[in-house]
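What follows is a set of notes on a single structure, which appears directly below.
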Amino acid sequence: MTSPAPAAPATQVPPMDHLTRLEQTSIHIFREAFRNFRNVCMPWSMGKDSNVLIWLARKAFAGKVPFPLLHIDTTYEFPEMYEFREWARKEHGIDLLVRVNEDAIRRGVGYATHDPVTVTHELKTLALRAALDEFKWDALITGIRRDEDPTRAKERHFSPRSAEGAWDYKDQPPEFWGQFATRAPEGGHVRVQPLLEWTELDIWEYIRREAIPIPTLYFARDGKRFRSLGCHPITHPVPSEAATIDAVIAELRETRTSERAGRAQDHHERNAMQKLRAKGFM
Amino acid sequence: MPPSPSHPSDDTQRLHVVVVGHVDHGKSTFVGRLLHDTDSLPDGKIEQVKAACAAERMDFEFAFLLDALLEEQEQNITIDTTRIFFRTRRRNYAIIDAPGHREFLKNMVTGAASASAALLLIDAQEGVMDQSRRHAVLLSMLGIRQIVVLVNKMDLVGHSEEAFRKVVAEYTAFLGSLGVEARLFIPIAARHGDNVVQRSAAMPWHKGPTVAEALDGLEHGEDLAALPLRLPVSDIYRFDHRRIIAGRVEAGVLRPSDELVFLPGGRRSAVKAFEDWPRVTRDHVPPGGSAGFSMEHQIFAERGQIAAHPDRQPRVGREFRARLFWLSKEPLLPDRPYRLRLGTQDVQAFVTRILSVTDADTLASGPAAAVPRDSVADLLIRTAAPVAFDLHHECAVTGRFVLEDAVRIAGGGIITEAREEAAKPAEGAVSRQERAARAGHGAAVVWLTGLSGSGKSTLAESVERRLFDSGKQVVRVDGDDLRAALSADLGFTPEARAESVRRAAAVAGLFADTGAIVLVTLIAPLAADRDRARKSLARHPYLEVFVDAPVEVCEGRDPKGLYAKARRGEIKEFTGISSPYERPEDPDVHIRTDQISLAESTDRVLSAIDEVVRLDKTAGSDWEV
């Protein structure tokens with residue numbers, strides 16, 4: 001048995017700043033996920049968090065995103081988002097899968113006739129479940145953050161889901177000392193959440209620092225901007241004059257309303273998010 | 001003091017603080033009050049909660065604020081660790097709150113393990129209780145050394161300094177028995193905000209800081225940069241022409257051109273370049289940083305190994321003593337296989353002896369046959385393969401591990417003592433160094449893998465001749481010879497093949513123990529079998545040589561007529577025809593026998609062997625497992 005040699009003189013190394021620390025931890029999570037699971041996919045909504053994820057993945061893997069991305073197309077995306085999708089697909093060289101719940105569309109499920117929770121369940125959750133059945137991914141990398149919603153505050157970086165996609169939030173695995181739940185339950189998968197510790201403000205400051213491309217809908221036009229992007233019939237802009245990243249950051253530093261305030265499915269009924277998430281929503 | 005965006009904080013890192021304490025000693029009230037008094041609540045939240053209280057004809061409580069904030073009351077899922085953010089003038093904070101309940105310990109560990117500091121609440125009236133003690137035991141194991149004790153509900157003891165002193169004395173004595181010292185004791189009345197953010201008018205005798213001031217005085221924890229470099233390898237990437245070693249710096253600092261040793265194993269090479277995207281902007285990677293770098297030499301490295309500087313290496317061994325907390329419903333039992341994960345290492349491990357178990361409630365210690373849930377134990381652990389590690393007090397990040405039961409993390413431990421191996425094979429009175437000194441070279445195992453007819457035996461014979469002629473001790477272990485004798489009982493099912501590989505590795509190990517360079521020629525078609533062989537031979541330098549030729553070429557050569565038989569269906573499960581061959585992903589030497597001559601192939605293998613058996617290369621500590 002050898003013993004470590006006597007300590008060398010302490011080297012002066014400044015600690016990483018807040019954003020760098022978040023970034024470096026997320027990169028580590030990406031690498032652990034990619035190594036520990038056979039078949040990884042990253043759902044991609046094209047929103048700001050989603051684009052930060054692509055950026056971090058490229059940093060983790062020397063410029064390449066080594067797994068497919070999945071866009072669950074509700075058919076209610078803003079037109080700008082489809083344009084952005086095609087641009088980003090080329091820019092980042094990503095292998096993009098697009099899936100639509102065609103069956104629900106045929107049955108006439110839509111915002112004109114159904115409530116937002118039902119539509120979200122049909123067009124997002126069920127479409128995702130079908131894709132999971134098709135591709136048998138054992139890990140999905142998602143962009144959820146703790147500060148988005150109280151139920152997400154309880155999440156782990158690696159969060160196992162049952163074969164039915166359900167989240168057993170009452171019995172979560174312990175997660176400490178950088179060791180994650182890297183084995184998927186029988187027939188199920190693990191949600192890997194590299195942005196869990198990030199806040200909305202962190203995301204914006206990182207987008208600014210790294211000059212990450214994002215859709216223009218986030219910036220104010222005619223006194224309004226989108227703070228969070230979902231299906232267009234249920235996503236409402238907030239009053240804002242913030243037309244640049246700097247202005248958005250300045251605005252967020254002052255604001256005290258929640259990010260998803262413009263997302264109708266969260267408010268339709270009490271505990272809507274909790275119900276959606278327990279059923280397998282992001 | 002209210003947060004003020006116009007006053008940029010001087011500390012850009014968020015400080016994580018865990019709040020613990022006995023149930024009903026006022027954790028929720030305290031956190032609600034702290035959020036309120038630092039002006040960290042969303043607009044309208046306090047009015048909303050007050051209105052709800054009025055409607056229910058209840059008195060407003062600060063504890064409700066926290067609950068409302070988390071929507072816990074209506075959703076009734078007060079079950080897990082949550083993070084609540086707030087800020088002071090100095091910096092941002094995350095409070096990790098783990099509400100008290102049955103699953104508390106698991107969640108507290110999850111939350112507290114990432115904290116730099118702990119606030120521990122004790123009720124001034126009730127005094128020190130079970131959980132006040134139990135939480136302190138866990139905090140000390142988790143390595144949280146900054147503990148601030150808040151003596152709460154001072155209003156219920158008449159703000160008496162004497163009552164405060166009594167709790168301080170009792171708890172200081174207890175912490176002392178754990179070898180822990182509280183940073184500070186602060187008398188507070190969370191309900192009224194006394195000494196939380198505002199200084200208490202009712203307790204003028206308290207000259208120390210308020211809680212907010214105390215928080216701003218805390219540090220982020222140990223300076224990991226001053227420790228020796230520890231970089232557990234996460235993965236090896238080959239997305240393009242580059243071979244990139246990926247891993248996170250857990251301790252110390254990684255710089256370009258650093259000489260690294262990879263343990264267990266002991267191969268060495270220098271960092272060639274950081275391979276960052278979109279561009280390299282770093283001249284070092286500090287603790288917590290994720291690195292990706294290329295090496296000067298194509299040495300063998302794999303996930304699990306710890307990269308370190310050669311002058312400050314971790315230990316390598318298979319036995320150690322540890323102190324462990326157990327979180328699983330199923331008790332921990334000796335001689336049952338668990339997965340041990342340390343850094344990125346993942347090996348099978350057994351508890352060989354339980355030395356003592358500490359009861360979580362009474363803290364009484366004694367011998368036991370099993371470690372029940374939520375208790376702490378001292379025990380001896382033996383791993384199936386050598387692991388690289390440090391003692392916890394030398395380097396905490398590589399001196400701790402988790403145990404997995406089935407697919408779940410079930411416990412965590414810190415390594416308190418390294419143990420010598422009980423038996424070292426074939427290492428009697430003569431040491432390896434002595435054998436190497438006499439032979440003039442070190443031992444090594446060189447494993448030639450490849451399809452039947454790829455040229456393994458031809459190449460091995462050529463290498464053997466040259467080694468022998470240059471005065472080296474060399475032995476050949478041939479797959480066919482083993483099949484004819486030692487492994488005559490084995491067939492060709494996957495299990496039988498695995499066993500055949502295991503026996504070949506064991507024989508090769510025995511020869512290498514005598515100081516010889518051992519050339520193994522065995523198809524060993526499955527990567528998992530080859531990996532096991534390599535791991536079982538970790539005590540020796542090891543080279544994987546991939547003898548590669550397209551299957552059509554091999555079939556054309558067919559020196560033993562086996563392909564013809566396989567095509568006629570006379571041989572079932574013939575590798576390359578009716579049974580898979582998994583190509584080595586990252587061989588130390590890759591020889592295309594259909595493209596280069598035997599002479600050149602031989603030279604390449606010889607130069608790789610020379611790299612690892614030269615005496616100056618083999619004097620490293622990987623000998624002393």
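Just remember, in the structure tokens the first chain shown is A, the second B, etc., residues are 1-based per chain, and ligands are 1-based in the order shown.
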
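Running DSSP on the backbone gives strand (DSSP E) for these residues within segment 41-200 of chain A: Cys41, Met42, Pro43, Leu69, Leu70, His71, Ile72, Leu96, Leu97, Val98, Arg99, Ala139, Leu140, Ile141, Phe158, Ser159, Pro160, Arg161, His189, Val190, Arg191 and Val192 of chain A.
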
Would you mind exporting the chosen residues as an mmCIF file, in the first residue's frame, restricted to C-alpha atoms?
data_model
loop_
_atom_site.group_PDB
_atom_site.id
_atom_site.type_symbol
_atom_site.label_atom_id
_atom_site.label_comp_id
_atom_site.auth_asym_id
_atom_site.auth_seq_id
_atom_site.Cartn_x
_atom_site.Cartn_y
_atom_site.Cartn_z
ATOM 1 C CA CYS A 41 -32.893 10.179 -26.220
ATOM 2 C CA MET A 42 -33.359 13.877 -25.499
ATOM 3 C CA PRO A 43 -36.835 15.319 -25.990
ATOM 4 C CA LEU A 69 -33.430 14.302 -30.204
ATOM 5 C CA LEU A 70 -37.194 13.922 -30.139
ATOM 6 C CA HIS A 71 -39.670 16.649 -30.939
ATOM 7 C CA ILE A 72 -43.194 15.782 -29.837
ATOM 8 C CA LEU A 96 -34.002 14.713 -34.963
ATOM 9 C CA LEU A 97 -37.048 12.484 -34.645
ATOM 10 C CA VAL A 98 -40.489 14.108 -34.912
ATOM 11 C CA ARG A 99 -43.559 12.365 -33.558
ATOM 12 C CA ALA A 139 -33.068 7.180 -20.475
ATOM 13 C CA LEU A 140 -34.670 10.469 -21.463
ATOM 14 C CA ILE A 141 -32.723 13.666 -20.904
ATOM 15 C CA PHE A 158 -31.750 10.825 -12.191
ATOM 16 C CA SER A 159 -35.405 9.988 -11.655
ATOM 17 C CA PRO A 160 -36.644 6.462 -12.419
ATOM 18 C CA ARG A 161 -40.022 5.977 -14.139
ATOM 19 C CA HIS A 189 -36.707 4.344 -18.001
ATOM 20 C CA VAL A 190 -34.838 7.047 -16.131
ATOM 21 C CA ARG A 191 -35.435 10.761 -16.568
ATOM 22 C CA VAL A 192 -32.117 12.547 -16.512
#

Computed interatomic separation between atom CA of Arg230 of chain B and atom CA of Gly111 of chain B (Å)
24.0 Å

How would you write, as a count of residues only, the set of residues in segment 226-451 of chain B that DSSP gives as alpha helix (DSSP H)?
8

For Phe226 of chain A, which of A:Leu53, A:Ile29, A:Val100, A:Ala242 is the closest residue, counting only C-alpha atoms?
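Selected residue with least distance to Phe226 of chain A: A:Ala242.
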
Can you tell me which residues surround Ala169 of chain B at a distance of at most 12 Å, considering only C-alpha atoms, apart from same-chain residues fewer than 6 positions away, and format the answer as a ChimeraX atom specification?
/B:127-128,149,151,162-163,175-176,182,185

From A:Asp115, A:Glu164, A:Glu254, A:Asp133, residue lying nearest chain B [only C-alpha atoms]:
A:Glu254

So how far away is atom CA of Ala113 of chain B from atom CA of Leu227 of chain B, in Å?
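We find that atom CA of Leu227 of chain B and atom CA of Ala113 of chain B lie 19.5 Å from each other.
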